[in-house]
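Worksheet: one structure, shown below.
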Amino acid sequence: MPVKRRPAEPPSLRIATFNINGIVRRLPRLLDWLRDTSPDVVCLQELKAPDECFPAKAIADAGYGAVWHGQKSWNGVAILAKGAEPILTRKDLPGDPDDQENRYIEAAVEGILVASLYAPNGNPQPGLKFERKLAWMNRLLLHAADLAAQSVPAVLAGDYNVTPTDLDIYATRSWGKDALIQPEARARFARLVESGWIDAIRALHPDRPMYTFWDYMRRRWERDAGLRLDHLLLSPALAPNLLEAGVDRDQRGCEGASDHAPAWITLRPVRR
DNA sequence: ATGTCTTTTTCAAAAAGA
C-alpha cells in the first residue's frame with residue numbers, strides 16, 4: 001500500500017520583537033529562546049552595549065546573521081535573520097541629524113523592509129523628555145508615511161513605549177501621569193494605524209490584553225499587572241500576508257528575564 | 001512616595017534611566 005503523503009506545510013515567516021534589556025547579560029536567555037522558537041527575523045531593543053560588545057559570534061553560531069547599532073549603557077537596536085545576512089538600509093530615523101540616541105535600525109530581509117525601533121520612554125511627564133518622545137514619534141510617522149507611499153512591504157517592530165488604549169494596561173490608576181499612557185503619545189500611535197499600518201497583535205486579538213511588559217517592581221509579573229508596549233506594525237502592502245500573532249509570555253517568567261516578553265507574528269512570505 | 005534592577009561616576013554611595 002502506498003504511503004499517504006502529507007501535503008507540504010505552507011511556508012510561513014516568523015518575525016519577533018524583543019526588548020532584551022541588556023544583550024550581554026541576557027545572552028543565554030536569548031540563545032535559548034532562539035533555539036526554542038526559531039524565529040526567522042528578530043528585532044532587538046535596549047542592547048545597552050556598544051557596537052564592539054555585540055555578541056555577533058554567539059549569534060552567528062546560533063544560525064543568525066545580524067546588523068546592529070549599539071550604544072554604551074542605554075538604547076541600542078539590532079536585527080537578526082536566520083540563515084541570512086540582513087541588508088542594512090539605515091541606522092537612524094531620518095529627521096534629526098543631532099539625535100545621538102541609537103533607537104532605530106532598518107534592513108531588508110526576505111523581501112521585507114524590517115525596522116527595529118525603540119521609542120523614548122518619555123518620563124517624567126510633562127517635561128522635556130516627554131516633548132522629545134513626541135518629537136521622535138513625529139519623525140517615525142513621517143518615515144512610515146514615506147514607506148507606505150512607496151508601497152514597500154514593511155514591518156515597523158519594536159518597543160513603542162506606548163499603550164495604544166486602556167485595553168493595553170491592567171486596571172490601575174498608578175500609571176495615571178506616566179508617559180506610556182498619555183493621550184498625546186496614544187494619538188501618534190493611532191495616526192499610524194489610521195494611515196493604514198496594521199497593529200498585527202491587536203488586529204488578530206481584538207479582545208485580549210496581550211501584555212508584553214511587566215515592571216520588575218511590586219510583583220507585577222506575578223499579578224499579571226502588565227502593559228502592551230511592543231508592537232509589530234505592517235505596511236498596507238504587507239498587511240494581507242499576516243497569518244498569526246502572539247506573545248511569548250513564558251520568557252518573562254524565566255530566571256534573569258528581561259522585563260519585556262517577545263511579541264511575534266507569522267506571515268505568508270512575500271513573492272520576490 | 002514607594003516599589004526593582006542595573007549602570008555610572010568615581011572608588012562609597014547616590015543618581016539616573018527604565
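Identifiers in this document derive from the order of the C-alpha cells: chains are assigned A, B, ..., residues are numbered from 1 separately in each chain, and ligands are numbered from 1 in order of occurrence.
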
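In chain A, the set of residues within 7 Å of chain B (atoms considered: only C-alpha atoms (C1' of nucleotides)) is Ser73, Tyr216, Met217 and Arg218 of chain A.
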
Produce a file of the selected residues containing C-alpha atoms, as a PDB file, in the first residue's frame.
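Listed below is the output, selection37.pdb:
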```
ATOM      1  CA  SER A  73      24.698  51.870  28.776  1.00  0.00           C
ATOM      2  CA  TYR A 216      10.141  44.448  37.957  1.00  0.00           C
ATOM      3  CA  MET A 217       8.584  46.302  40.872  1.00  0.00           C
ATOM      4  CA  ARG A 218       5.731  45.319  43.132  1.00  0.00           C
TER       5      ARG A 218
END
```

For this session: Would you please give, as a PyMOL selection string, all residues of segment 56-234 of chain A that DSSP assigns to alpha helix (DSSP H) based on the backbone?
Result: chain A and resi 56-61+128-149+183-194+200-204

For this session: Identify which of the residues A:Ala66, A:Arg219, A:Ala237, A:Asp178 lies closest to Gln150 of chain A, counting only C-alpha atoms when measuring atom-to-atom distances.
Result: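 Once distances to Gln150 of chain A are computed over only C-alpha atoms, the minimum belongs to A:Ala237.
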
For this session: Go through segment 49-271 of chain A and collect every residue that DSSP, computed from the backbone, puts in strand (DSSP E or B); the answer should be as a ChimeraX atom specification.
Result: /A:64-69,77-82,87-90,104-109,112-118,154-159,169,198-199,213,227,230-234,242-247,260,263-267

Exercise. Neighbours of segment 124-140 of chain A within 9 Å (only C-alpha atoms (C1' of nucleotides); same-chain residues fewer than 6 positions away dropped), as a ChimeraX atom specification?
Worked result: /A:93-96,160,177-179,182,184-185,188-189,192

Problem set entry | Minimum-distance residue to Asn123 of chain A, chosen among A:Leu88, A:Thr37, A:Ser12, A:Asn161 (using only C-alpha atoms) |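 Selected residue with least distance to Asn123 of chain A: A:Asn161.
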
For this session: For Ala263 of chain A, work out the shell of residues within 7 Å, counting only C-alpha atoms (C1' of nucleotides) and skipping chain neighbours fewer than 3 positions away, then give it as a PyMOL selection string.
Result: chain A and resi 16-18+212+230+246-248

For this session: One decimal, Å: what's the distance from atom CA of Trp175 of chain A over to atom CA of Leu227 of chain A, could you say?
Result: 10.4 Å

For this session: Would you list the contacts of segment 162-168 of chain A as an NGL selection string, taking every protein, DNA or RNA residue within 10 Å and counting only C-alpha atoms (C1' of nucleotides), but skipping same-chain residues closer than 2 positions in sequence?
Result: :A and (119-122 or 159-160 or 170-172 or 179-183 or 185-190 or 199 or 202 or 206-212 or 226-231)

Problem set entry | Nearby residues (only C-alpha atoms (C1' of nucleotides)) at most 8 Å from Trp197 of chain A, same-chain spacing under 3 positions excluded, as a ChimeraX atom specification | /A:192-194,233-236,239

Same residues, N, CA and C atoms, output as an mmCIF file, in the first residue's frame:
```cif
data_model
loop_
_atom_site.group_PDB
_atom_site.id
_atom_site.type_symbol
_atom_site.label_atom_id
_atom_site.label_comp_id
_atom_site.auth_asym_id
_atom_site.auth_seq_id
_atom_site.Cartn_x
_atom_site.Cartn_y
_atom_site.Cartn_z
ATOM 1 N N LEU A 192 -0.715 56.419 13.114
ATOM 2 C CA LEU A 192 -0.024 55.392 12.332
ATOM 3 C C LEU A 192 -1.022 54.328 11.863
ATOM 4 N N VAL A 193 -1.875 53.888 12.791
ATOM 5 C CA VAL A 193 -2.855 52.850 12.461
ATOM 6 C C VAL A 193 -3.924 53.393 11.499
ATOM 7 N N GLU A 194 -4.379 54.615 11.747
ATOM 8 C CA GLU A 194 -5.391 55.216 10.865
ATOM 9 C C GLU A 194 -4.871 55.423 9.450
ATOM 10 N N LEU A 233 3.944 46.652 13.438
ATOM 11 C CA LEU A 233 3.030 47.330 12.525
ATOM 12 C C LEU A 233 3.381 46.990 11.081
ATOM 13 N N LEU A 234 2.369 46.531 10.352
ATOM 14 C CA LEU A 234 2.574 46.101 8.973
ATOM 15 C C LEU A 234 2.122 47.179 8.013
ATOM 16 N N SER A 235 2.952 47.422 6.996
ATOM 17 C CA SER A 235 2.571 48.410 5.983
ATOM 18 C C SER A 235 1.374 47.876 5.199
ATOM 19 N N PRO A 236 0.615 48.782 4.564
ATOM 20 C CA PRO A 236 -0.540 48.331 3.773
ATOM 21 C C PRO A 236 -0.158 47.248 2.758
ATOM 22 N N ALA A 239 0.224 43.939 4.863
ATOM 23 C CA ALA A 239 -0.875 43.529 5.742
ATOM 24 C C ALA A 239 -1.618 42.266 5.284
#
```

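Shortest separation to Asn21 of chain A among A:Lys57, A:Arg90, A:Arg35, A:Lys48 occurs at residue A:Lys48, atoms counted being only C-alpha atoms.
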